[in-house]
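Report on the structure given below.
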Amino acid sequence: PHSEFRIWAIPHSAFRMAAMAIRPYKGILPTVGPRVYIDEAASIIGDVVIGADTSIWPMCSVRGDVNYIRIGARTNIQDGSILHGTHDYEGVPGGWAVIVGDDVTIGHQCIIHGCTVESRCLIGMGSAILDGAVLREGVFLGAGSLVTEGKELEGGYLWMGRPAKRVRELTDEEKAWFEYSARHYVDLKNDYLK
């Protein structure tokens, strides 16, 4: 009478997935601040420090293997985003680390590679920020944008395009989105932590 139901065997390894979200590389284990939410389908590896009340969502890769990654407080890194640095080599002594400030929103499927994103920035979905680039505090980067190597974006402006160009000054309403988005994601991750 219950032939429409199937019982699937779940391998023992599936029960360890949550523990596998955070793992060491060469003996360095990520450091996670208080009240951080890391989805079990994310990967946080190696020399990574994550500040308080930050959230990292499904399918994100934060890989601190060839260089370090530092993420501030109340930052949200949304589904499918990748954070990775560049190793030390002759052409780039010290390589490029990843530094992300406080109250930053990184939209779905972004690539944040060897760059600095200062506090109170919003990175639109599908954007890529490349080695040596710097986004100063208060940058609003439109969806699908590309910030090329070594480019510095001034805060207080909307930047868009491939490559990203300064479009215009931000409105007061747009500036309010930095705090609103950060606060919303703190509330959302708190729901998940319950």
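Ligands are numbered from 1 in the order shown, chains are lettered A, B, ... in the order of the structure tokens, and residues start at 1 in each chain.
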Tell me which protein, DNA and RNA residues are within 9 Å of region 31-40 of chain A, counting only C-alpha atoms, leaving out same-chain ones fewer than 3 positions away, and put them as a PDB file with N, CA, C and O atoms, in the first residue's frame.
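Contents of the output file selection27.pdb:
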```pdb
ATOM      1  N   MET A  17      28.844  16.463   6.882  1.00  0.00           N
ATOM      2  CA  MET A  17      28.922  17.618   5.979  1.00  0.00           C
ATOM      3  C   MET A  17      29.079  18.939   6.716  1.00  0.00           C
ATOM      4  O   MET A  17      29.830  19.798   6.296  1.00  0.00           O
ATOM      5  N   ALA A  18      28.356  19.118   7.824  1.00  0.00           N
ATOM      6  CA  ALA A  18      28.443  20.388   8.549  1.00  0.00           C
ATOM      7  C   ALA A  18      29.872  20.643   9.020  1.00  0.00           C
ATOM      8  O   ALA A  18      30.376  21.750   8.910  1.00  0.00           O
ATOM      9  N   ALA A  19      30.527  19.597   9.497  1.00  0.00           N
ATOM     10  CA  ALA A  19      31.901  19.757   9.956  1.00  0.00           C
ATOM     11  C   ALA A  19      32.840  20.053   8.790  1.00  0.00           C
ATOM     12  O   ALA A  19      33.857  20.717   8.950  1.00  0.00           O
ATOM     13  N   MET A  20      32.506  19.567   7.607  1.00  0.00           N
ATOM     14  CA  MET A  20      33.371  19.768   6.448  1.00  0.00           C
ATOM     15  C   MET A  20      33.268  21.180   5.867  1.00  0.00           C
ATOM     16  O   MET A  20      34.064  21.563   5.034  1.00  0.00           O
ATOM     17  N   ALA A  21      32.277  21.955   6.273  1.00  0.00           N
ATOM     18  CA  ALA A  21      32.156  23.325   5.773  1.00  0.00           C
ATOM     19  C   ALA A  21      33.365  24.158   6.174  1.00  0.00           C
ATOM     20  O   ALA A  21      33.779  25.048   5.450  1.00  0.00           O
ATOM     21  N   ILE A  22      33.933  23.869   7.331  1.00  0.00           N
ATOM     22  CA  ILE A  22      35.104  24.599   7.836  1.00  0.00           C
ATOM     23  C   ILE A  22      36.222  23.584   7.999  1.00  0.00           C
ATOM     24  O   ILE A  22      36.077  22.628   8.755  1.00  0.00           O
ATOM     25  N   SER A  43      32.158  26.180   1.706  1.00  0.00           N
ATOM     26  CA  SER A  43      33.493  25.682   2.050  1.00  0.00           C
ATOM     27  C   SER A  43      34.351  26.851   2.523  1.00  0.00           C
ATOM     28  O   SER A  43      34.572  27.800   1.777  1.00  0.00           O
ATOM     29  N   ILE A  44      34.825  26.756   3.754  1.00  0.00           N
ATOM     30  CA  ILE A  44      35.693  27.768   4.347  1.00  0.00           C
ATOM     31  C   ILE A  44      36.990  27.043   4.693  1.00  0.00           C
ATOM     32  O   ILE A  44      37.004  26.159   5.550  1.00  0.00           O
ATOM     33  N   GLY A  46      41.299  27.053   5.423  1.00  0.00           N
ATOM     34  CA  GLY A  46      42.618  27.618   5.661  1.00  0.00           C
ATOM     35  C   GLY A  46      42.642  28.944   6.387  1.00  0.00           C
ATOM     36  O   GLY A  46      41.898  29.171   7.345  1.00  0.00           O
ATOM     37  N   ASP A  47      43.494  29.850   5.922  1.00  0.00           N
ATOM     38  CA  ASP A  47      43.792  31.102   6.612  1.00  0.00           C
ATOM     39  C   ASP A  47      42.702  32.142   6.336  1.00  0.00           C
ATOM     40  O   ASP A  47      42.866  33.055   5.530  1.00  0.00           O
ATOM     41  N   VAL A  48      41.584  31.952   7.012  1.00  0.00           N
ATOM     42  CA  VAL A  48      40.402  32.795   6.853  1.00  0.00           C
ATOM     43  C   VAL A  48      39.976  33.270   8.243  1.00  0.00           C
ATOM     44  O   VAL A  48      39.905  32.475   9.174  1.00  0.00           O
ATOM     45  N   VAL A  49      39.687  34.565   8.380  1.00  0.00           N
ATOM     46  CA  VAL A  49      39.143  35.119   9.620  1.00  0.00           C
ATOM     47  C   VAL A  49      37.817  35.788   9.271  1.00  0.00           C
ATOM     48  O   VAL A  49      37.760  36.613   8.350  1.00  0.00           O
ATOM     49  N   ILE A  50      36.769  35.427  10.004  1.00  0.00           N
ATOM     50  CA  ILE A  50      35.420  35.929   9.743  1.00  0.00           C
ATOM     51  C   ILE A  50      34.919  36.661  10.981  1.00  0.00           C
ATOM     52  O   ILE A  50      34.899  36.093  12.073  1.00  0.00           O
ATOM     53  N   GLY A  51      34.491  37.922  10.819  1.00  0.00           N
ATOM     54  CA  GLY A  51      34.033  38.752  11.926  1.00  0.00           C
ATOM     55  C   GLY A  51      32.626  38.420  12.402  1.00  0.00           C
ATOM     56  O   GLY A  51      31.873  37.688  11.741  1.00  0.00           O
ATOM     57  N   ALA A  52      32.263  38.988  13.525  1.00  0.00           N
ATOM     58  CA  ALA A  52      30.990  38.712  14.194  1.00  0.00           C
ATOM     59  C   ALA A  52      29.788  39.030  13.307  1.00  0.00           C
ATOM     60  O   ALA A  52      29.815  39.984  12.526  1.00  0.00           O
ATOM     61  N   ASP A  53      28.756  38.203  13.444  1.00  0.00           N
ATOM     62  CA  ASP A  53      27.453  38.415  12.795  1.00  0.00           C
ATOM     63  C   ASP A  53      27.502  38.368  11.274  1.00  0.00           C
ATOM     64  O   ASP A  53      26.584  38.838  10.601  1.00  0.00           O
ATOM     65  N   THR A  54      28.541  37.784  10.729  1.00  0.00           N
ATOM     66  CA  THR A  54      28.657  37.632   9.278  1.00  0.00           C
ATOM     67  C   THR A  54      27.936  36.358   8.849  1.00  0.00           C
ATOM     68  O   THR A  54      27.783  35.428   9.631  1.00  0.00           O
ATOM     69  N   SER A  55      27.495  36.321   7.592  1.00  0.00           N
ATOM     70  CA  SER A  55      26.831  35.127   7.063  1.00  0.00           C
ATOM     71  C   SER A  55      27.444  34.739   5.729  1.00  0.00           C
ATOM     72  O   SER A  55      27.727  35.595   4.885  1.00  0.00           O
ATOM     73  N   ILE A  56      27.634  33.417   5.561  1.00  0.00           N
ATOM     74  CA  ILE A  56      28.172  32.858   4.323  1.00  0.00           C
ATOM     75  C   ILE A  56      27.209  31.768   3.877  1.00  0.00           C
ATOM     76  O   ILE A  56      26.978  30.795   4.594  1.00  0.00           O
ATOM     77  N   TRP A  57      26.652  31.924   2.692  1.00  0.00           N
ATOM     78  CA  TRP A  57      25.485  31.174   2.252  1.00  0.00           C
ATOM     79  C   TRP A  57      25.862  29.987   1.380  1.00  0.00           C
ATOM     80  O   TRP A  57      27.037  29.784   1.073  1.00  0.00           O
ATOM     81  N   PRO A  58      24.872  29.156   0.975  1.00  0.00           N
ATOM     82  CA  PRO A  58      25.185  27.911   0.276  1.00  0.00           C
ATOM     83  C   PRO A  58      26.048  28.095  -0.965  1.00  0.00           C
ATOM     84  O   PRO A  58      25.934  29.076  -1.689  1.00  0.00           O
ATOM     85  N   MET A  59      26.914  27.111  -1.165  1.00  0.00           N
ATOM     86  CA  MET A  59      27.763  26.985  -2.344  1.00  0.00           C
ATOM     87  C   MET A  59      28.836  28.074  -2.461  1.00  0.00           C
ATOM     88  O   MET A  59      29.420  28.253  -3.522  1.00  0.00           O
ATOM     89  N   CYS A  60      29.098  28.792  -1.383  1.00  0.00           N
ATOM     90  CA  CYS A  60      30.212  29.752  -1.392  1.00  0.00           C
ATOM     91  C   CYS A  60      31.521  29.008  -1.139  1.00  0.00           C
ATOM     92  O   CYS A  60      31.564  28.047  -0.374  1.00  0.00           O
ATOM     93  N   ALA A  73      32.819  42.319  10.132  1.00  0.00           N
ATOM     94  CA  ALA A  73      31.577  42.034  10.860  1.00  0.00           C
ATOM     95  C   ALA A  73      30.353  42.436  10.037  1.00  0.00           C
ATOM     96  O   ALA A  73      30.411  43.376   9.243  1.00  0.00           O
ATOM     97  N   ARG A  74      29.278  41.688  10.239  1.00  0.00           N
ATOM     98  CA  ARG A  74      27.954  41.978   9.653  1.00  0.00           C
ATOM     99  C   ARG A  74      27.982  41.989   8.118  1.00  0.00           C
ATOM    100  O   ARG A  74      27.158  42.633   7.472  1.00  0.00           O
ATOM    101  N   LYS A 189      20.261  35.571   9.055  1.00  0.00           N
ATOM    102  CA  LYS A 189      21.143  34.497   9.568  1.00  0.00           C
ATOM    103  C   LYS A 189      20.777  34.140  10.995  1.00  0.00           C
ATOM    104  O   LYS A 189      20.933  32.983  11.410  1.00  0.00           O
ATOM    105  N   ASN A 190      20.245  35.113  11.765  1.00  0.00           N
ATOM    106  CA  ASN A 190      19.791  34.783  13.122  1.00  0.00           C
ATOM    107  C   ASN A 190      18.642  33.784  13.095  1.00  0.00           C
ATOM    108  O   ASN A 190      18.555  32.890  13.928  1.00  0.00           O
ATOM    109  N   TYR A 192      18.277  31.493  10.802  1.00  0.00           N
ATOM    110  CA  TYR A 192      18.889  30.204  10.489  1.00  0.00           C
ATOM    111  C   TYR A 192      19.594  29.621  11.701  1.00  0.00           C
ATOM    112  O   TYR A 192      19.595  28.408  11.902  1.00  0.00           O
ATOM    113  N   LEU A 193      20.209  30.461  12.517  1.00  0.00           N
ATOM    114  CA  LEU A 193      20.913  29.969  13.692  1.00  0.00           C
ATOM    115  C   LEU A 193      19.975  29.419  14.757  1.00  0.00           C
ATOM    116  O   LEU A 193      20.392  28.637  15.607  1.00  0.00           O
TER     117      LEU A 193
END
```
Self-check item: Residue list (strand (DSSP E), DSSP) for region 23-159 of chain A, as an MDAnalysis selection string
Solution: chainID A and resid 23 31:32 37:38 43:50 55:56 61:71 76:77 82:84 98:100 105:106 111:113 116:117 122:123 128:129 134:135 140:141 146:147 152:153 157:159
Practice problem: Name the residues in contact with Arg168 (chain A) at a cut-off of 12 Å, using only C-alpha atoms, excluding same-chain residues fewer than 5 positions from it; report them as a PyMOL selection string. | Solution: chain A and resi 139-142+154-160+174
Quiz item: Quick one, how far is CA of Tyr68 (chain A) from CA of Gly85 (chain A)?
Solution: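 Distance reported for this atom pair: 6.9 Å.
Take CA of Ser145 (chain A) and CA of Ile123 (chain A): the distance between them is 8.7 Å.
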